[in-house]
file start-v4.tsv (TSV, C-alpha atoms)
chain	number	residue	atom	x	y	z
A	122	MET	CA	22.58	-26.62	26.20
A	123	SER	CA	26.00	-25.30	27.23
A	124	GLY	CA	26.60	-22.09	29.13
A	125	ALA	CA	28.06	-20.52	25.98
A	126	ASP	CA	24.91	-21.42	24.00
A	127	ASN	CA	22.74	-19.96	26.75
A	128	ASN	CA	24.72	-16.73	26.70
A	129	GLU	CA	24.49	-16.50	22.90
A	130	THR	CA	20.72	-17.10	22.98
A	131	ALA	CA	20.25	-14.45	25.67
A	132	GLU	CA	22.40	-11.99	23.70
A	133	ASN	CA	20.35	-12.59	20.52
A	134	GLU	CA	17.09	-12.09	22.42
A	135	ASN	CA	18.41	-8.85	23.92
A	136	GLN	CA	19.43	-7.62	20.47
A	137	GLN	CA	15.97	-8.45	19.16
A	138	ASP	CA	14.34	-6.63	22.09
A	139	ASP	CA	16.55	-3.59	21.48
A	140	TYR	CA	15.69	-3.63	17.76
A	141	GLU	CA	11.97	-3.82	18.48
A	142	LYS	CA	12.11	-1.02	21.07
A	143	GLU	CA	13.93	1.19	18.59
A	144	ASN	CA	11.95	0.40	15.44
A	145	TYR	CA	8.43	-0.73	16.39
A	146	VAL	CA	5.59	1.64	17.26
A	147	SER	CA	1.92	1.15	18.04
A	148	ILE	CA	-0.20	1.23	14.90
A	149	GLN	CA	-2.32	4.00	16.46
A	150	ASP	CA	0.76	6.23	16.67
A	151	TYR	CA	2.12	5.45	13.21
A	152	THR	CA	2.03	8.20	10.59
A	153	GLY	CA	4.90	7.03	8.40
A	154	GLU	CA	7.58	8.88	10.34
A	155	GLY	CA	10.82	6.90	10.49
A	156	TYR	CA	10.32	5.16	7.15
A	157	THR	CA	13.75	4.42	5.69
A	158	LEU	CA	14.85	3.27	2.25
A	159	TYR	CA	17.84	0.97	1.75
A	160	ASP	CA	21.14	2.85	1.31
A	161	ALA	CA	19.36	6.20	1.68
A	162	ASN	CA	21.46	9.35	2.07
A	163	GLU	CA	19.78	11.86	4.38
A	164	GLU	CA	21.49	14.74	2.59
A	165	TYR	CA	19.19	14.22	-0.40
A	166	GLY	CA	16.13	14.66	1.80
A	167	LYS	CA	17.49	17.90	3.25
A	168	ILE	CA	18.16	19.33	-0.20
A	169	ALA	CA	14.70	18.26	-1.40
A	170	GLU	CA	12.98	19.91	1.57
A	171	GLU	CA	14.93	23.13	0.97
A	172	ASN	CA	13.64	23.01	-2.63
A	173	ARG	CA	10.26	21.45	-1.88
A	174	ASP	CA	8.31	23.68	-4.28
A	175	THR	CA	10.60	22.65	-7.14
A	176	VAL	CA	10.25	18.95	-6.28
A	177	VAL	CA	6.45	19.15	-5.97
A	178	ALA	CA	6.05	21.07	-9.22
A	179	ALA	CA	8.29	18.62	-11.10
A	180	VAL	CA	6.39	15.58	-9.81
A	181	GLN	CA	2.98	17.07	-10.53
A	182	GLN	CA	4.04	18.03	-14.07
A	183	TYR	CA	5.50	14.55	-14.64
A	184	PHE	CA	2.18	12.85	-13.83
A	185	LEU	CA	0.26	15.29	-15.99
A	186	ASP	CA	2.62	14.82	-18.93
A	187	ASN	CA	2.93	11.03	-18.70
A	188	TYR	CA	-0.42	9.90	-17.27
A	189	SER	CA	-2.83	12.86	-17.67
A	190	ILE	CA	-3.42	12.67	-13.91
A	191	GLU	CA	-3.26	15.37	-11.24
A	192	VAL	CA	-1.52	14.31	-8.03
A	193	GLU	CA	-0.98	15.66	-4.54
A	194	VAL	CA	2.46	15.21	-2.97
A	195	HIS	CA	2.29	13.90	0.60
A	196	ASN	CA	5.80	12.89	1.59
A	197	ILE	CA	9.42	13.12	0.46
A	198	VAL	CA	11.85	10.43	1.67
A	199	SER	CA	15.62	10.27	1.22
A	200	ALA	CA	16.80	7.62	-1.23
A	201	MET	CA	20.14	6.44	-2.66
A	202	ASP	CA	20.58	9.02	-5.45
A	203	GLY	CA	17.77	11.43	-4.71
A	204	VAL	CA	14.35	11.24	-3.06
A	205	THR	CA	11.28	9.04	-3.29
A	206	VAL	CA	8.08	11.07	-3.44
A	207	PHE	CA	4.77	9.62	-2.26
A	208	VAL	CA	1.74	10.93	-4.13
A	209	GLU	CA	-2.04	10.50	-4.27
A	210	SER	CA	-4.16	11.01	-7.35
A	211	ILE	CA	-6.73	13.79	-7.23
A	212	GLY	CA	-10.17	12.50	-8.16
A	213	GLU	CA	-10.70	9.25	-10.04
A	214	PRO	CA	-9.13	6.85	-10.71
A	215	HIS	CA	-7.99	7.05	-7.09
A	216	PHE	CA	-4.64	5.53	-6.11
A	217	TYR	CA	-1.36	6.09	-4.30
A	218	THR	CA	2.07	5.65	-5.88
A	219	ILE	CA	5.63	6.99	-5.91
A	220	ALA	CA	8.07	8.84	-8.14
A	221	ILE	CA	11.84	9.18	-7.84
A	222	VAL	CA	13.51	12.57	-8.17
A	223	PRO	CA	17.31	12.46	-8.73
A	224	ILE	CA	19.42	15.13	-7.02
A	225	ASP	CA	22.92	16.36	-7.87
A	226	LEU	CA	24.46	16.25	-4.40
A	227	GLN	CA	27.59	18.22	-5.27
A	228	ASN	CA	25.67	21.14	-6.75
A	229	GLU	CA	22.59	20.66	-4.54
A	230	GLU	CA	20.45	20.68	-7.68
A	231	ILE	CA	17.05	19.04	-8.25
A	232	LYS	CA	17.27	17.15	-11.55
A	233	SER	CA	13.65	17.74	-12.55
A	234	ASP	CA	14.20	16.61	-16.13
A	235	SER	CA	15.46	13.17	-14.97
A	236	LEU	CA	12.48	12.28	-12.78
A	237	TRP	CA	11.39	8.64	-13.18
A	238	THR	CA	9.09	5.90	-11.89
A	239	ARG	CA	9.69	2.16	-11.58
A	240	GLU	CA	8.65	0.21	-14.66
A	241	GLY	CA	4.95	-0.63	-14.56
A	242	GLU	CA	4.42	0.61	-11.00
A	243	VAL	CA	2.29	3.67	-11.74
A	244	GLU	CA	0.42	1.77	-14.45
A	245	THR	CA	-0.43	-0.98	-11.95
A	246	ALA	CA	-1.63	1.63	-9.46
A	247	ILE	CA	-3.85	3.24	-12.11
A	248	LYS	CA	-5.33	-0.16	-13.05
A	249	SER	CA	-6.30	-0.75	-9.43
A	250	GLY	CA	-7.96	2.66	-9.25
A	251	LEU	CA	-9.87	2.00	-12.47
A	252	TYR	CA	-11.14	-1.32	-11.09
A	253	ALA	CA	-12.37	0.36	-7.90
A	254	MET	CA	-13.96	3.08	-10.00
A	255	ALA	CA	-15.81	0.55	-12.15
A	256	PHE	CA	-17.16	-1.46	-9.21
A	257	GLU	CA	-17.93	1.32	-6.77
A	258	GLU	CA	-20.95	-0.48	-5.29
A	259	GLU	CA	-19.06	-3.73	-4.67
A	260	PHE	CA	-16.17	-1.87	-3.04
A	261	SER	CA	-18.64	0.00	-0.84
A	262	THR	CA	-20.06	-3.35	0.31
A	263	LEU	CA	-16.55	-4.56	1.21
A	264	ASP	CA	-15.70	-1.27	2.95
A	265	ASN	CA	-18.88	-1.33	5.01
A	266	TYR	CA	-18.23	-4.91	6.10
A	267	LEU	CA	-14.62	-4.23	7.15
A	268	GLU	CA	-15.53	-1.00	8.94
A	269	GLY	CA	-18.28	-2.86	10.80
A	270	PHE	CA	-15.88	-5.68	11.67
A	271	ALA	CA	-13.45	-3.17	13.21
A	272	GLU	CA	-16.27	-1.64	15.26
A	273	GLN	CA	-17.38	-5.02	16.58
A	274	HIS	CA	-13.92	-6.43	17.40
A	275	PRO	CA	-10.77	-5.05	19.09
A	276	VAL	CA	-8.92	-4.56	15.80
A	277	ILE	CA	-7.84	-1.54	13.81
A	278	GLY	CA	-6.44	-0.59	10.40
A	279	ARG	CA	-3.84	1.92	9.29
A	280	SER	CA	-4.50	5.64	9.48
A	281	ILE	CA	-5.12	7.62	6.31
A	282	GLU	CA	-2.07	9.72	7.23
A	283	ALA	CA	0.18	6.64	7.21
A	284	ILE	CA	-1.26	5.55	3.85
A	285	GLU	CA	-0.66	9.01	2.39
A	286	ASN	CA	2.90	9.25	3.71
A	287	VAL	CA	4.24	5.74	3.02
A	288	GLY	CA	1.48	3.88	1.17
A	289	GLY	CA	2.24	4.13	-2.52
A	290	ARG	CA	0.52	0.82	-3.34
A	291	GLY	CA	-2.31	1.61	-5.71
A	292	PHE	CA	-5.92	1.74	-4.54
A	293	THR	CA	-5.66	1.57	-0.73
A	294	THR	CA	-7.95	1.95	2.27
A	295	PRO	CA	-7.17	1.62	6.01
A	296	TYR	CA	-7.97	-2.11	5.75
A	297	TYR	CA	-6.68	-3.29	2.38
A	298	HIS	CA	-4.85	-2.56	-0.86
A	299	ILE	CA	-5.29	-4.11	-4.29
A	300	ALA	CA	-3.09	-4.89	-7.28
A	301	ALA	CA	-4.10	-5.75	-10.84
A	302	THR	CA	-2.17	-8.06	-13.17
A	303	GLY	CA	-2.76	-9.91	-16.41
A	304	GLU	CA	-3.71	-9.22	-19.99
A	305	VAL	CA	-7.22	-7.85	-19.39
A	306	PHE	CA	-5.83	-5.14	-17.14
A	307	GLU	CA	-3.17	-4.32	-19.72
A	308	GLU	CA	-5.99	-3.75	-22.18
A	309	LEU	CA	-7.80	-1.68	-19.57
A	310	TYR	CA	-4.78	0.54	-19.11
A	311	ASN	CA	-4.46	1.00	-22.88
A	312	LYS	CA	-8.10	2.07	-22.97
A	313	PHE	CA	-7.45	4.60	-20.19
A	314	GLU	CA	-4.31	5.85	-21.91
A	315	SER	CA	-6.28	6.64	-25.06
A	316	ASN	CA	-9.12	8.17	-23.01
A	317	PRO	CA	-8.08	9.50	-19.56
A	318	ASP	CA	-11.64	10.82	-19.07
A	319	ILE	CA	-13.12	7.32	-19.24
A	320	THR	CA	-16.40	7.03	-17.33
A	321	LYS	CA	-17.68	4.46	-14.85
A	322	GLN	CA	-20.19	3.27	-17.42
A	323	GLU	CA	-17.46	2.75	-20.02
A	324	LEU	CA	-15.40	0.83	-17.47
A	325	LYS	CA	-18.33	-1.41	-16.56
A	326	LYS	CA	-18.93	-2.10	-20.25
A	327	PHE	CA	-15.26	-2.97	-20.68
A	328	PHE	CA	-15.34	-5.54	-17.87
A	329	SER	CA	-18.61	-7.05	-19.11
A	330	GLU	CA	-16.92	-7.62	-22.48
A	331	ASN	CA	-13.54	-8.69	-21.02
A	332	PRO	CA	-13.95	-11.23	-18.20
A	333	PHE	CA	-10.87	-12.11	-16.17
A	334	GLU	CA	-9.87	-14.77	-13.65
A	335	PRO	CA	-10.00	-13.67	-9.97
A	336	LYS	CA	-6.29	-14.44	-9.50
A	337	TYR	CA	-5.45	-11.38	-11.59
A	338	MET	CA	-6.99	-9.01	-9.03
A	339	ILE	CA	-5.15	-9.33	-5.71
A	340	PHE	CA	-6.62	-8.09	-2.43
A	341	GLY	CA	-4.52	-7.83	0.73
A	342	ILE	CA	-6.72	-7.32	3.81
A	343	GLU	CA	-4.74	-6.42	6.92
A	344	PHE	CA	-5.80	-5.67	10.49
A	345	TYR	CA	-3.91	-4.96	13.72
A	346	MET	CA	-4.90	-5.78	17.28
A	347	GLU	CA	-6.18	-2.66	19.04
A	348	GLU	CA	-4.53	-3.28	22.44
A	349	ASN	CA	-0.77	-2.81	22.51
A	350	ASP	CA	-0.12	-5.97	24.54
A	351	ALA	CA	-2.49	-8.24	22.58
A	352	GLN	CA	-1.31	-11.12	20.42
A	353	PRO	CA	-3.17	-11.78	17.13
A	354	ASP	CA	-6.42	-13.49	18.15
A	355	GLU	CA	-7.27	-16.71	16.29
A	356	ASP	CA	-11.01	-16.43	16.95
A	357	ILE	CA	-11.11	-12.92	15.50
A	358	PHE	CA	-8.97	-13.99	12.56
A	359	ASN	CA	-11.19	-16.99	11.81
A	360	LYS	CA	-14.31	-14.80	11.98
A	361	LEU	CA	-12.75	-12.38	9.49
A	362	VAL	CA	-11.79	-15.21	7.13
A	363	SER	CA	-15.20	-16.87	7.26
A	364	GLY	CA	-16.90	-13.49	6.94
A	365	ILE	CA	-15.08	-12.77	3.69
A	366	GLU	CA	-15.67	-16.32	2.41
A	367	GLU	CA	-19.41	-15.95	3.00
A	368	MET	CA	-19.78	-12.41	1.67
A	369	GLU	CA	-21.83	-11.68	-1.41
A	370	GLY	CA	-21.59	-8.61	-3.60
A	371	ILE	CA	-17.93	-7.80	-2.94
A	372	PRO	CA	-15.38	-7.27	-5.73
A	373	LYS	CA	-14.13	-10.20	-7.74
A	374	GLY	CA	-10.57	-11.16	-6.81
A	375	ALA	CA	-8.17	-13.35	-4.83
A	376	TYR	CA	-8.09	-12.29	-1.17
A	377	SER	CA	-5.23	-12.69	1.32
A	378	ILE	CA	-5.93	-11.86	4.97
A	379	TYR	CA	-3.51	-10.87	7.75
A	380	LEU	CA	-3.95	-10.13	11.44
A	381	ASN	CA	-0.95	-8.55	13.19
A	382	ASP	CA	-0.32	-7.60	16.79
A	383	ASN	CA	-0.44	-3.88	17.62
A	384	TYR	CA	3.01	-2.98	16.39
A	385	ILE	CA	4.40	-1.88	13.04
A	386	ASN	CA	8.03	-1.58	11.98
A	387	LYS	CA	8.26	2.16	11.33
A	388	THR	CA	11.35	1.80	9.13
A	389	ARG	CA	9.65	-0.60	6.70
A	390	ALA	CA	5.97	0.30	7.17
A	391	SER	CA	5.24	-3.39	7.78
A	392	GLY	CA	3.32	-5.05	10.59
A	393	LYS	CA	3.95	-8.62	9.50
A	394	LYS	CA	6.00	-10.67	11.99
A	395	GLY	CA	6.44	-14.24	13.19
A	396	ASN	CA	3.17	-14.09	15.14
A	397	THR	CA	1.05	-12.70	12.28
A	398	LEU	CA	-1.95	-14.86	11.40
A	399	GLU	CA	-2.20	-15.33	7.64
A	400	ARG	CA	-4.45	-16.72	4.93
A	401	LYS	CA	-2.53	-16.29	1.68
A	402	THR	CA	-1.04	-18.05	-1.36
A	403	PRO	CA	-1.58	-20.89	-2.14
A	404	ASN	CA	-4.80	-20.74	-0.12
A	405	LYS	CA	-6.24	-17.33	-0.98
A	406	ILE	CA	-9.98	-16.76	-0.79
A	407	VAL	CA	-11.22	-16.66	-4.38
A	408	MET	CA	-14.31	-14.53	-5.04
A	409	ASP	CA	-15.70	-14.87	-8.54
call {"tool": "encode", "arguments": {"input": "start-v4.tsv", "output": "structure tokens"}}
result
Amino acid sequence: MSGADNNETAENENQQDDYEKENYVSIQDYTGEGYTLYDANEEYGKIAEENRDTVVAAVQQYFLDNYSIEVEVHNIVSAMDGVTVFVESIGEPHFYTIAIVPIDLQNEEIKSDSLWTREGEVETAIKSGLYAMAFEEEFSTLDNYLEGFAEQHPVIGRSIEAIENVGGRGFTTPYYHIAATGEVFEELYNKFESNPDITKQELKKFFSENPFEPKYMIFGIEFYMEENDAQPDEDIFNKLVSGIEEMEGIPKGAYSIYLNDNYINKTRASGKKGNTLERKTPNKIVMD
């Protein structure tokens, strides 16, 4: 390798180091602060915070009007033409999602009547919450296993605060999130839409009458190493994978598993990097 190539390699490594020092934080310290959307204008966030009560009221009314669901607003983040608002449903079905509130920058006006959500995103979040609601016992079995795994190994999940502030991905716990797809879940959402007070028993009956393939319920299990200088441990990862493969009584679905080091990119809320250990498509763990 020539001297010029060596210099270029060293310069790239230094740039990478600088980027990581600036943007990566320990998962234990991460609350969602620093999260940044592409092409965001910070002025929108300032205007939204100055009119926070208006933004919150508009978002809460939007979810009541369009989904018959009460939500709590956790975080407001600057976006390209307004702000992205992270919310959590109150009660069941339980889920996290987002709404977008446009802002007139010139007049510093919250455009409450133009509030919107990405196509299908809230519906997908609701479906995931309905699934967790229907199979409460199975989800409890999974939760207990993952909590026990974290107690027995030097690994950790995300904090509830981080999930509230920058989660927005449907039914989510410190160790996993889920997403529902496919025709059966479309029918499920239609059933909810016509009856927002649907009960657990009605949901169980629906699933007993409408079987679905596991690939339509996606689980993403994700852990981080507890020590800040630790690389993802293959032995721990393999134990987690085999543990899920051998589990009985957990929810039906297709499971991906990830083990990251201790650091998360605060700007993207992602811990996945080149050293992340993964079991994912096309080799997901299928639980039927």
call {"tool": "residues_near_point", "arguments": {"input": "start-v4.tsv", "point": "(20.5, 8.7, 1.8)", "cutoff": "7 Å", "atoms": "all atoms listed in the file", "output": "list of chain:residue names"}}
result
A:Asp160, A:Ala161, A:Asn162, A:Glu163, A:Glu164, A:Tyr165, A:Ser199, A:Ala200, A:Met201
call {"tool": "closest_atom_pairs", "arguments": {"input": "start-v4.tsv", "of": "segment 230-313 of chain A", "to": "segment 173-196 of chain A", "cutoff": "7 Å", "atoms": "all atoms listed in the file", "output": "Markdown table"}}
result
| residue | atom | partner | partner_atom | distance |
| --- | --- | --- | --- | --- |
| A:Ser233 | CA | A:Ala179 | CA | 5.6 |
| A:Glu285 | CA | A:His195 | CA | 6.0 |
| A:Asn286 | CA | A:Asn196 | CA | 5.1 |
call {"tool": "closest_residue", "arguments": {"input": "start-v4.tsv", "among": "A:Val287, A:Ile168, A:Ile357, A:Ala301", "to": "Thr152 of chain A", "atoms": "all atoms listed in the file"}}
result
A:Val287
call {"tool": "closest_residue", "arguments": {"input": "start-v4.tsv", "among": "A:Gly289, A:Phe256, A:Asn381, A:Glu282", "to": "Ala220 of chain A", "atoms": "only C-alpha atoms"}}
result
A:Gly289
call {"tool": "closest_residue", "arguments": {"input": "start-v4.tsv", "among": "A:Thr388, A:Thr294, A:Val362, A:Leu251", "to": "Val198 of chain A", "atoms": "all atoms listed in the file"}}
result
A:Thr388
call {"tool": "closest_residue", "arguments": {"input": "start-v4.tsv", "among": "A:Val208, A:Ile299, A:Val222, A:Met254", "to": "Ala375 of chain A", "atoms": "all atoms listed in the file"}}
result
A:Ile299
call {"tool": "atom_distance", "arguments": {"input": "start-v4.tsv", "atom1": "atom CA of Lys393 of chain A", "atom2": "atom CA of Gly341 of chain A"}}
result
12.2 Å
call {"tool": "closest_residue", "arguments": {"input": "start-v4.tsv", "among": "A:Glu399, A:Glu244, A:Glu323, A:Asp150", "to": "Asn311 of chain A", "atoms": "all atoms listed in the file"}}
result
A:Glu244
call {"tool": "atom_distance", "arguments": {"input": "start-v4.tsv", "atom1": "atom CA of Tyr337 of chain A", "atom2": "atom CA of Tyr297 of chain A"}}
result
16.2 Å
call {"tool": "atom_distance", "arguments": {"input": "start-v4.tsv", "atom1": "atom CA of Ser329 of chain A", "atom2": "atom CA of Leu309 of chain A"}}
result
12.1 Å
call {"tool": "residues_near_point", "arguments": {"input": "start-v4.tsv", "point": "(9.3, -4.7, 8.2)", "cutoff": "12 Å", "atoms": "only C-alpha atoms", "output": "VMD selection string"}}
result
chain A and resid 140 to 141 144 to 146 155 to 158 384 to 395
call {"tool": "closest_residue", "arguments": {"input": "start-v4.tsv", "among": "A:Asp264, A:Ile319, A:Asn359, A:Ser147", "to": "Asp382 of chain A", "atoms": "all atoms listed in the file"}}
result
A:Ser147
